[in-house]
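Visitor: Structure supplied as upload_31.cif; contents: mmCIF, C-alpha atoms.
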data_query
#
loop_
_atom_site.label_atom_id
_atom_site.label_comp_id
_atom_site.auth_asym_id
_atom_site.auth_seq_id
_atom_site.Cartn_x
_atom_site.Cartn_y
_atom_site.Cartn_z
CA MET A 1 1.56 68.68 -39.10
CA ALA A 2 3.90 69.61 -36.23
CA LYS A 3 0.83 69.69 -33.98
CA GLN A 4 -0.24 66.17 -35.03
CA TRP A 5 3.29 64.93 -34.29
CA GLN A 6 3.10 66.47 -30.80
CA ILE A 7 -0.31 64.85 -30.22
CA PHE A 8 1.11 61.52 -31.34
CA LEU A 9 4.13 61.76 -29.01
CA ALA A 10 2.14 62.97 -26.00
CA PHE A 11 -0.44 60.17 -26.14
CA LEU A 12 2.13 57.54 -27.09
CA ARG A 13 4.12 58.39 -23.95
CA ILE A 14 0.96 58.25 -21.80
CA GLY A 15 0.09 54.85 -23.31
CA ILE A 16 3.55 53.39 -22.85
CA PHE A 17 4.19 54.58 -19.30
CA GLY A 18 0.65 54.27 -17.94
CA PHE A 19 0.44 51.04 -15.98
CA GLY A 20 -2.58 49.94 -13.97
CA GLY A 21 -5.46 50.72 -16.32
CA GLY A 22 -7.09 53.96 -17.45
CA PRO A 23 -7.97 55.69 -14.15
CA SER A 24 -4.38 55.44 -12.88
CA MET A 25 -3.17 57.09 -16.11
CA ILE A 26 -4.93 60.42 -15.38
CA PRO A 27 -1.84 62.05 -13.76
CA LEU A 28 0.17 61.25 -16.91
CA PHE A 29 -2.48 62.97 -19.05
CA TYR A 30 -2.23 66.00 -16.79
CA LYS A 31 1.56 66.11 -17.08
CA GLU A 32 1.54 66.06 -20.90
CA VAL A 33 -1.58 68.13 -21.59
CA VAL A 34 -1.37 70.83 -18.90
CA ASP A 35 2.31 70.95 -17.85
CA LYS A 36 4.24 70.10 -20.99
CA TYR A 37 2.20 71.25 -24.02
CA GLN A 38 -0.19 73.63 -22.21
CA TRP A 39 -3.10 72.64 -24.44
CA MET A 40 -5.44 73.17 -21.47
CA THR A 41 -5.44 74.99 -18.15
CA ALA A 42 -5.70 72.96 -14.94
CA ALA A 43 -9.36 74.04 -14.60
CA GLU A 44 -10.23 73.00 -18.17
CA PHE A 45 -8.54 69.66 -17.55
CA SER A 46 -10.56 68.92 -14.42
CA ASP A 47 -13.78 69.97 -16.23
CA THR A 48 -12.92 67.56 -19.06
CA LEU A 49 -12.35 64.79 -16.54
CA ALA A 50 -15.69 65.53 -14.86
CA ILE A 51 -17.45 65.47 -18.24
CA GLY A 52 -15.73 62.19 -19.14
CA ASN A 53 -16.96 60.68 -15.89
CA THR A 54 -20.59 61.52 -16.74
CA LEU A 55 -20.36 58.88 -19.49
CA PRO A 56 -19.73 55.12 -19.21
CA GLY A 57 -16.76 53.30 -20.75
CA PRO A 58 -12.99 53.60 -20.31
CA ILE A 59 -11.87 57.07 -19.18
CA ALA A 60 -8.43 57.08 -20.87
CA THR A 61 -9.74 56.85 -24.43
CA LYS A 62 -12.42 59.48 -23.79
CA MET A 63 -9.73 61.87 -22.48
CA ALA A 64 -7.29 61.09 -25.32
CA GLY A 65 -9.98 61.38 -27.99
CA TYR A 66 -11.49 64.60 -26.70
CA ILE A 67 -8.18 66.38 -26.07
CA GLY A 68 -6.88 65.22 -29.46
CA TYR A 69 -10.06 66.59 -31.05
CA ARG A 70 -9.72 69.97 -29.33
CA VAL A 71 -6.07 70.37 -30.33
CA GLY A 72 -6.12 68.85 -33.81
CA GLY A 73 -9.70 68.25 -35.01
CA ILE A 74 -10.96 64.86 -36.16
CA ALA A 75 -7.47 63.80 -37.29
CA GLY A 76 -6.12 64.78 -33.88
CA CYS A 77 -8.84 62.72 -32.19
CA ILE A 78 -8.05 59.55 -34.15
CA ASN A 79 -4.30 60.17 -33.85
CA ALA A 80 -4.48 60.55 -30.05
CA VAL A 81 -6.61 57.44 -29.46
CA LEU A 82 -4.50 55.23 -31.74
CA ALA A 83 -1.17 56.47 -30.27
CA ASN A 84 -2.59 55.78 -26.82
CA ILE A 85 -3.84 52.21 -27.32
CA VAL A 86 -2.37 50.53 -30.41
CA PRO A 87 1.22 49.78 -29.24
CA SER A 88 0.06 47.80 -26.19
CA ILE A 89 -2.67 45.97 -28.17
CA ILE A 90 -0.02 44.79 -30.65
CA ALA A 91 2.32 43.76 -27.80
CA MET A 92 -0.53 41.86 -26.16
CA ILE A 93 -1.53 39.98 -29.34
CA LEU A 94 2.13 39.06 -30.02
CA MET A 95 2.70 37.77 -26.48
CA LEU A 96 -0.47 35.68 -26.40
CA THR A 97 0.05 34.37 -29.95
CA ILE A 98 3.54 33.14 -29.05
CA LEU A 99 2.14 31.51 -25.90
CA SER A 100 -0.73 29.82 -27.74
CA GLU A 101 1.63 28.46 -30.44
CA HIS A 102 3.43 26.53 -27.70
CA LYS A 103 0.36 25.62 -25.69
CA ASP A 104 0.96 21.88 -26.14
CA GLN A 105 4.12 22.18 -24.04
CA ALA A 106 3.48 21.26 -20.41
CA TRP A 107 5.48 24.24 -19.10
CA VAL A 108 3.43 26.74 -21.13
CA GLN A 109 0.22 25.31 -19.65
CA GLY A 110 1.90 25.61 -16.25
CA MET A 111 2.58 29.30 -16.89
CA GLY A 112 -1.12 29.92 -17.47
CA LEU A 113 -1.93 28.15 -14.22
CA GLY A 114 0.77 30.01 -12.30
CA VAL A 115 -0.60 33.38 -13.25
CA LEU A 116 -4.21 32.53 -12.31
CA PRO A 117 -3.80 33.02 -8.52
CA VAL A 118 -2.07 36.38 -9.18
CA VAL A 119 -5.18 37.45 -11.12
CA VAL A 120 -7.33 36.26 -8.19
CA VAL A 121 -5.46 38.69 -5.91
CA MET A 122 -5.67 41.57 -8.41
CA MET A 123 -9.41 41.03 -8.98
CA ALA A 124 -10.04 40.72 -5.24
CA LYS A 125 -8.18 44.01 -4.71
CA LEU A 126 -10.35 45.72 -7.36
CA THR A 127 -13.45 44.24 -5.69
CA TRP A 128 -12.35 45.63 -2.35
CA ASP A 129 -11.59 49.08 -3.86
CA PHE A 130 -15.05 49.27 -5.46
CA PHE A 131 -16.84 48.21 -2.25
CA ASP A 132 -14.72 50.57 -0.18
CA LYS A 133 -15.34 53.52 -2.48
CA SER A 134 -19.04 52.70 -2.63
CA CYS A 135 -19.32 52.54 1.17
CA SER A 136 -17.60 55.91 1.63
CA ASN A 137 -19.47 57.75 -1.19
CA PHE A 138 -22.85 56.04 -1.10
CA GLY A 139 -23.00 54.76 2.49
CA VAL A 140 -22.85 51.23 3.90
CA PRO A 141 -26.64 50.51 3.95
CA GLY A 142 -27.20 51.58 0.34
CA THR A 143 -24.17 49.64 -0.85
CA LEU A 144 -25.30 46.49 0.98
CA VAL A 145 -28.88 46.70 -0.32
CA ILE A 146 -27.86 47.13 -3.98
CA ALA A 147 -25.05 44.57 -3.64
CA GLY A 148 -27.44 42.04 -2.04
CA LEU A 149 -30.13 42.57 -4.67
CA SER A 150 -27.67 42.30 -7.55
CA PHE A 151 -26.17 39.14 -6.06
CA ILE A 152 -29.65 37.56 -5.95
CA ALA A 153 -30.44 38.74 -9.49
CA ILE A 154 -27.13 37.64 -11.05
CA VAL A 155 -26.35 34.41 -9.16
CA LEU A 156 -29.73 33.03 -8.10
CA LEU A 157 -32.05 34.35 -10.83
CA ASN A 158 -29.35 34.23 -13.53
CA LEU A 159 -30.40 37.61 -14.99
CA HIS A 160 -28.13 39.48 -17.41
CA PRO A 161 -26.16 42.08 -15.37
CA GLY A 162 -26.95 44.66 -18.07
CA LEU A 163 -30.64 44.54 -17.08
CA ILE A 164 -29.80 45.35 -13.46
CA ILE A 165 -27.48 48.20 -14.43
CA LEU A 166 -29.97 49.64 -16.94
CA SER A 167 -32.76 49.67 -14.32
CA LEU A 168 -30.46 51.42 -11.83
CA LEU A 169 -29.49 54.00 -14.48
CA LEU A 170 -33.20 54.68 -15.02
CA VAL A 171 -33.67 55.15 -11.26
CA ALA A 172 -30.77 57.64 -11.32
CA LEU A 173 -32.34 59.59 -14.20
CA LEU A 174 -35.69 59.82 -12.39
CA ARG A 175 -34.14 61.51 -9.35
CA LYS A 176 -35.19 65.12 -8.83
CA GLU A 177 -32.58 67.85 -9.07
CA PRO A 178 -32.45 70.41 -6.25
CA ASN A 179 -34.07 73.66 -7.44
CA ASN A 180 -30.90 75.70 -7.79
CA ALA A 181 -28.97 73.12 -9.88
CA MET B 1 -7.91 31.85 -34.46
CA LEU B 2 -11.30 30.21 -34.84
CA GLU B 3 -12.25 29.04 -38.31
CA ALA B 4 -14.95 31.01 -40.08
CA THR B 5 -16.79 28.93 -42.64
CA SER B 6 -18.43 31.55 -44.84
CA ASP B 7 -18.78 35.26 -45.46
CA ALA B 8 -22.20 35.36 -43.81
CA ASN B 9 -20.74 33.59 -40.83
CA ILE B 10 -17.89 36.07 -40.42
CA LEU B 11 -20.34 38.98 -40.61
CA LEU B 12 -22.38 37.40 -37.84
CA VAL B 13 -19.25 36.98 -35.72
CA TYR B 14 -18.29 40.64 -36.35
CA TRP B 15 -21.77 41.71 -35.24
CA GLN B 16 -21.57 39.55 -32.10
CA LEU B 17 -18.10 40.97 -31.32
CA PHE B 18 -19.45 44.48 -31.71
CA LEU B 19 -22.33 43.76 -29.30
CA ALA B 20 -20.10 41.90 -26.82
CA PHE B 21 -17.92 44.99 -26.40
CA PHE B 22 -20.49 47.72 -27.07
CA ILE B 23 -22.84 46.62 -24.26
CA PRO B 24 -20.24 46.47 -21.43
CA ASN B 25 -18.80 49.84 -22.44
CA ILE B 26 -22.13 51.66 -22.73
CA ILE B 27 -23.38 50.53 -19.31
CA GLY B 28 -20.07 50.21 -17.39
CA TYR B 29 -19.69 53.24 -15.15
CA GLY B 30 -16.38 53.51 -13.26
CA GLY B 31 -13.68 53.42 -15.97
CA GLY B 32 -11.96 50.49 -17.69
CA PRO B 33 -11.58 48.14 -14.69
CA ALA B 34 -15.36 48.29 -14.06
CA ILE B 35 -15.88 46.87 -17.54
CA ILE B 36 -13.82 43.69 -16.94
CA PRO B 37 -16.61 41.65 -15.25
CA LEU B 38 -19.13 42.90 -17.84
CA ILE B 39 -16.84 41.71 -20.66
CA GLU B 40 -16.46 38.36 -18.90
CA ALA B 41 -20.26 38.01 -18.78
CA GLU B 42 -20.37 38.39 -22.60
CA VAL B 43 -17.17 36.67 -23.72
CA VAL B 44 -17.12 33.71 -21.30
CA GLY B 45 -20.73 33.58 -20.08
CA HIS B 46 -22.78 34.41 -23.17
CA TYR B 47 -20.73 33.65 -26.31
CA ALA B 48 -18.26 31.14 -24.71
CA TRP B 49 -15.41 32.37 -26.96
CA LEU B 50 -12.96 31.85 -24.09
CA ASP B 51 -13.10 29.70 -20.95
CA ILE B 52 -12.47 31.24 -17.55
CA GLN B 53 -8.78 30.27 -17.53
CA GLN B 54 -8.12 31.78 -20.98
CA PHE B 55 -9.91 34.91 -19.84
CA SER B 56 -7.70 35.09 -16.74
CA GLU B 57 -4.55 34.69 -18.89
CA THR B 58 -5.71 37.55 -21.10
CA LEU B 59 -6.34 39.67 -18.03
CA ALA B 60 -2.96 38.77 -16.49
CA LEU B 61 -0.96 39.65 -19.59
CA GLY B 62 -3.10 42.75 -20.04
CA ASN B 63 -2.21 43.84 -16.52
CA SER B 64 1.49 43.32 -17.24
CA LEU B 65 1.39 45.87 -20.08
CA PRO B 66 0.76 49.63 -19.91
CA SER B 67 -2.25 51.60 -21.31
CA PRO B 68 -6.00 51.11 -20.70
CA ILE B 69 -7.10 47.56 -19.81
CA ALA B 70 -10.43 47.69 -21.68
CA THR B 71 -8.84 48.29 -25.10
CA LYS B 72 -6.17 45.61 -24.59
CA MET B 73 -8.83 43.05 -23.67
CA ALA B 74 -10.98 44.08 -26.66
CA GLY B 75 -8.03 44.00 -29.10
CA HIS B 76 -6.83 40.60 -28.03
CA ILE B 77 -10.20 38.87 -27.67
CA GLY B 78 -11.37 40.33 -31.01
CA TYR B 79 -8.19 39.01 -32.64
CA THR B 80 -8.61 35.53 -31.10
CA VAL B 81 -12.21 35.27 -32.29
CA ALA B 82 -11.94 36.79 -35.80
CA GLY B 83 -8.41 37.98 -36.65
CA ILE B 84 -7.35 41.57 -37.36
CA GLY B 85 -10.86 42.55 -38.47
CA GLY B 86 -12.25 41.21 -35.21
CA ALA B 87 -9.67 43.14 -33.19
CA MET B 88 -10.57 46.38 -34.99
CA ILE B 89 -14.30 45.91 -34.46
CA ALA B 90 -13.95 45.04 -30.76
CA VAL B 91 -11.69 48.08 -30.14
CA LEU B 92 -14.01 50.36 -32.13
CA ALA B 93 -17.02 49.16 -30.11
CA THR B 94 -15.04 49.89 -26.93
CA VAL B 95 -13.76 53.36 -27.80
CA ALA B 96 -16.03 55.02 -30.35
CA PRO B 97 -19.56 55.20 -28.86
CA THR B 98 -18.76 57.06 -25.65
CA LEU B 99 -16.04 59.18 -27.28
CA ILE B 100 -18.45 60.36 -30.00
CA LEU B 101 -21.10 61.10 -27.35
CA MET B 102 -18.55 63.11 -25.37
CA ILE B 103 -17.53 65.26 -28.37
CA LEU B 104 -21.10 65.78 -29.64
CA LEU B 105 -22.78 66.41 -26.29
CA LEU B 106 -19.98 68.37 -24.65
CA ALA B 107 -22.06 71.46 -23.89
CA VAL B 108 -24.95 69.42 -22.47
CA LEU B 109 -22.66 67.22 -20.40
CA TYR B 110 -20.78 70.28 -19.11
CA ARG B 111 -24.04 71.75 -17.76
CA HIS B 112 -24.91 68.47 -16.05
CA ARG B 113 -21.48 67.47 -14.78
CA ASN B 114 -22.46 68.22 -11.16
CA SER B 115 -26.08 67.10 -11.40
CA ILE B 116 -27.57 64.65 -8.93
CA LYS B 117 -28.80 62.41 -11.77
CA VAL B 118 -25.31 62.02 -13.22
CA LYS B 119 -23.64 61.47 -9.86
CA SER B 120 -26.34 58.92 -8.91
CA MET B 121 -25.52 56.85 -12.00
CA THR B 122 -22.00 56.11 -10.81
CA LEU B 123 -23.12 55.67 -7.20
CA LEU B 124 -25.91 53.21 -8.02
CA VAL B 125 -23.94 51.15 -10.52
CA ARG B 126 -20.75 50.82 -8.43
CA PRO B 127 -22.12 48.19 -5.95
CA VAL B 128 -23.33 46.03 -8.87
CA ILE B 129 -19.86 46.17 -10.43
CA ALA B 130 -18.33 45.30 -7.04
CA VAL B 131 -20.56 42.21 -6.78
CA MET B 132 -19.65 41.15 -10.33
CA MET B 133 -15.97 41.59 -9.51
CA ALA B 134 -16.40 39.45 -6.39
CA ILE B 135 -18.09 36.71 -8.45
CA LEU B 136 -15.30 36.87 -11.02
CA SER B 137 -12.61 36.60 -8.30
CA TRP B 138 -14.45 33.55 -6.96
CA LYS B 139 -14.57 31.93 -10.44
CA PHE B 140 -10.82 32.52 -10.89
CA LEU B 141 -10.18 31.00 -7.46
CA LEU B 142 -12.28 27.89 -8.21
CA SER B 143 -10.57 27.46 -11.57
CA SER B 144 -7.14 27.68 -9.92
CA TYR B 145 -8.17 25.21 -7.20
CA ASP B 146 -9.54 22.75 -9.79
CA GLN B 147 -6.41 22.74 -11.91
CA SER B 148 -3.50 23.40 -9.55
CA GLY B 149 -4.86 22.15 -6.21
CA TRP B 150 -5.21 24.15 -3.00
CA LEU B 151 -1.52 24.03 -2.03
CA HIS B 152 -0.09 25.76 -5.12
CA SER B 153 -3.08 28.13 -5.25
CA LEU B 154 -2.61 29.21 -1.64
CA ILE B 155 1.16 29.64 -1.98
CA LEU B 156 0.74 31.81 -5.09
CA ILE B 157 -2.14 33.84 -3.63
CA GLY B 158 -0.13 34.47 -0.44
CA LEU B 159 2.99 35.47 -2.37
CA ALA B 160 1.04 37.65 -4.80
CA TYR B 161 -0.75 39.40 -1.94
CA LEU B 162 2.49 40.08 -0.03
CA LEU B 163 4.34 41.33 -3.09
CA LEU B 164 1.51 43.46 -4.54
CA GLU B 165 -0.08 44.89 -1.41
CA ARG B 166 2.65 44.81 1.26
CA SER B 167 5.89 45.32 -0.71
CA LYS B 168 4.23 47.29 -3.56
CA VAL B 169 6.19 45.38 -6.20
CA HIS B 170 5.23 46.35 -9.78
CA PRO B 171 2.29 44.18 -11.01
CA ALA B 172 4.17 43.31 -14.22
CA LEU B 173 6.97 41.72 -12.14
CA VAL B 174 4.51 39.77 -9.95
CA ILE B 175 2.80 38.42 -13.09
CA LEU B 176 6.21 37.45 -14.50
CA GLY B 177 6.90 35.66 -11.19
CA GLY B 178 3.59 33.76 -11.50
CA LEU B 179 4.50 32.72 -15.07
CA ILE B 180 7.93 31.43 -13.94
CA TYR B 181 6.51 29.58 -10.89
CA GLY B 182 3.87 27.96 -13.09
CA GLY B 183 6.37 27.01 -15.81
CA LEU B 184 8.62 25.36 -13.22
CA PHE B 185 6.15 23.72 -10.83
CA LEU B 186 2.74 23.41 -12.51
CA GLY B 187 3.73 22.05 -15.92
CA GLY B 188 3.42 18.36 -15.02
CA GLN B 189 -0.30 18.30 -14.24
#
Please render this file's structure as structure tokens.

Guide:
Amino acid sequence: MAKQWQIFLAFLRIGIFGFGGGPSMIPLFYKEVVDKYQWMTAAEFSDTLAIGNTLPGPIATKMAGYIGYRVGGIAGCINAVLANIVPSIIAMILMLTILSEHKDQAWVQGMGLGVLPVVVVMMAKLTWDFFDKSCSNFGVPGTLVIAGLSFIAIVLLNLHPGLIILSLLLVALLRKEPNNA
Amino acid sequence: MLEATSDANILLVYWQLFLAFFIPNIIGYGGGPAIIPLIEAEVVGHYAWLDIQQFSETLALGNSLPSPIATKMAGHIGYTVAGIGGAMIAVLATVAPTLILMILLLAVLYRHRNSIKVKSMTLLVRPVIAVMMAILSWKFLLSSYDQSGWLHSLILIGLAYLLLERSKVHPALVILGGLIYGGLFLGGQ
């Protein structure tokens, strides 16, 4: 029971202090899991992160769920994920419910409009980060070819983006491994 | 909350919510932020549960709070569409599939964590996500221009850029600033 309480506190703290989305929360995971509670060594932690990155979906909940599972079984897994995500989901629903109750007021509509350009900047920054990272890891020509083809497919041909991603995942799976891997 | 007319109807909505969050999370390589444009494609593009401005408000308030962005978006959009049950289904569809795969396939994944196939997945998908993010930024920009005009849009974009990227002000404070500016100057339109 003491262990479950520790799991709860560790992942609650990560969830409450981790701003900027899952990937920027990784150092907080490290601090709680490796430094404070010593549930894992540094090497085990980086292996877990590498394994998490082989799968799609948010990284924070995969880390929380897997570490919770290792430390406290199935209960630990559920405990860790809920402690990590539920407080902010409740805060979010409360904030937006209050806003939508007053949405007839002109100033509340103004608030929604005022925040839109801020989101433009944040989304543009994310776009830039993804292009930048792609160019340095995958090369400029490859990035431009795939980006150009997906632009044509999504905007001009109006295809579902999932189709494009699924076909690229298939291409990745068909690649040959070097012999010693 | 949207009105559900019958039990069969609510089950259909639950199923659609599950799909709308399951698909982005099972194909979205690159962590939570990569999933945002994929969720937009389902929630705004396919099911039209929210319009682009409501989606941007959800994203803005989500960015002003801590913890992963994907689960906050799922929780709130699920709640808006179908109440507490909807929130639980959307969050479950976001978290459970890949987490269960990770726990069940740990040994297999560990062997392949450095494989070319696995690394290629992230590399090949990242440019597609970048294009989708660019399209989403463009949609947000058009929506802002349509409703607030170019002057207010440009002022706010300039201020947000300076504060976020140059002065490294905390995103939650910049979003609060946008809310206050909008409440004061954009309410009369």

Visitor: What does the PyMOL selection byres ((chain B) within 6 of (chain A)) select in this file, as a ChimeraX atom specification?

Guide: /B:25-29,31-32,60,66-69,72,75-76,99,109-110,113,116-118,120-121,127-128,130-131,133-134,137,140,153,156-157,160,178-179,181-183,186-187

Visitor: Check which residues satisfy the PyMOL selection byres ((chain B and resi 18) around 12) in the file shown, then give them as a ChimeraX atom specification.

Guide: /B:11-17,19-26,39,42-43,74-75,77-78,81-82,85-97

Visitor: May I ask for the distance between CA of Ala10 in chain A and CA of Met40 in chain A, given in Å to one decimal place?

Guide: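 Calculated distance between CA of Ala10 in chain A and CA of Met40 in chain A is 13.5 Å.
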
Visitor: Find the distance between CA of Pro33 in chain B and CA of Ser56 in chain B and write it in Å to one decimal.

Guide: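 Straight-line distance from CA of Pro33 in chain B to CA of Ser56 in chain B works out to 13.8 Å.
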
Visitor: One number please: CA of Glu101 in chain A to CA of Leu82 in chain A, in Å, one decimal.

Guide: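 The value is 27.5 Å.
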
Visitor: Pick out the residues sitting within 8 Å of Phe8 in chain A, and hand them over as a list in words; count only C-alpha atoms, and ignore anything fewer than 4 positions along from it in its own chain.

Guide: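 Counting only C-alpha atoms, the residues come to Gln4, Leu12, Asn79, Ala80 and Ala83 of chain A.
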
Visitor: Taking all atoms listed in the file into account, name the residue in B:Val44, B:Asp51, B:Leu176, B:Gly30 that is nearest to Leu123 in chain B.

Guide: B:Gly30

Visitor: Run the PyMOL selection byres ((chain B and resi 147) around 10) against the file shown and list the residues it catches, as a PyMOL selection string.

Guide: (chain A and resi 110+113) or (chain B and resi 53+142-146+148-150+152-153+186+189)

Visitor: Take range 70-83 of chain B, bring it up to N, CA and C atoms, and give me the output as a short mmCIF file (atom, residue, chain, number, x, y, z; two decimals), in the coordinates of the input.

Guide:
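Now in result.cif:
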data_model
loop_
_atom_site.label_atom_id
_atom_site.label_comp_id
_atom_site.auth_asym_id
_atom_site.auth_seq_id
_atom_site.Cartn_x
_atom_site.Cartn_y
_atom_site.Cartn_z
N ALA B 70 -9.26 48.04 -20.86
CA ALA B 70 -10.43 47.69 -21.68
C ALA B 70 -10.05 47.51 -23.15
N THR B 71 -9.19 48.38 -23.68
CA THR B 71 -8.84 48.29 -25.10
C THR B 71 -7.91 47.11 -25.37
N LYS B 72 -7.03 46.78 -24.40
CA LYS B 72 -6.17 45.61 -24.59
C LYS B 72 -6.99 44.32 -24.62
N MET B 73 -7.97 44.23 -23.69
CA MET B 73 -8.83 43.05 -23.67
C MET B 73 -9.60 42.95 -24.99
N ALA B 74 -10.18 44.08 -25.43
CA ALA B 74 -10.98 44.08 -26.66
C ALA B 74 -10.11 43.68 -27.85
N GLY B 75 -8.92 44.28 -27.97
CA GLY B 75 -8.03 44.00 -29.10
C GLY B 75 -7.66 42.53 -29.14
N HIS B 76 -7.27 41.98 -28.00
CA HIS B 76 -6.83 40.60 -28.03
C HIS B 76 -7.97 39.61 -28.23
N ILE B 77 -9.09 39.82 -27.54
CA ILE B 77 -10.20 38.87 -27.67
C ILE B 77 -10.78 38.96 -29.09
N GLY B 78 -10.91 40.18 -29.63
CA GLY B 78 -11.37 40.33 -31.01
C GLY B 78 -10.46 39.60 -31.98
N TYR B 79 -9.15 39.68 -31.77
CA TYR B 79 -8.19 39.01 -32.64
C TYR B 79 -8.32 37.49 -32.53
N THR B 80 -8.49 36.98 -31.30
CA THR B 80 -8.61 35.53 -31.10
C THR B 80 -9.86 34.99 -31.80
N VAL B 81 -10.94 35.76 -31.74
CA VAL B 81 -12.21 35.27 -32.29
C VAL B 81 -12.25 35.42 -33.81
N ALA B 82 -11.75 36.55 -34.36
CA ALA B 82 -11.94 36.79 -35.80
C ALA B 82 -10.79 37.57 -36.45
N GLY B 83 -9.56 37.38 -35.97
CA GLY B 83 -8.41 37.98 -36.65
C GLY B 83 -8.36 39.49 -36.52
#
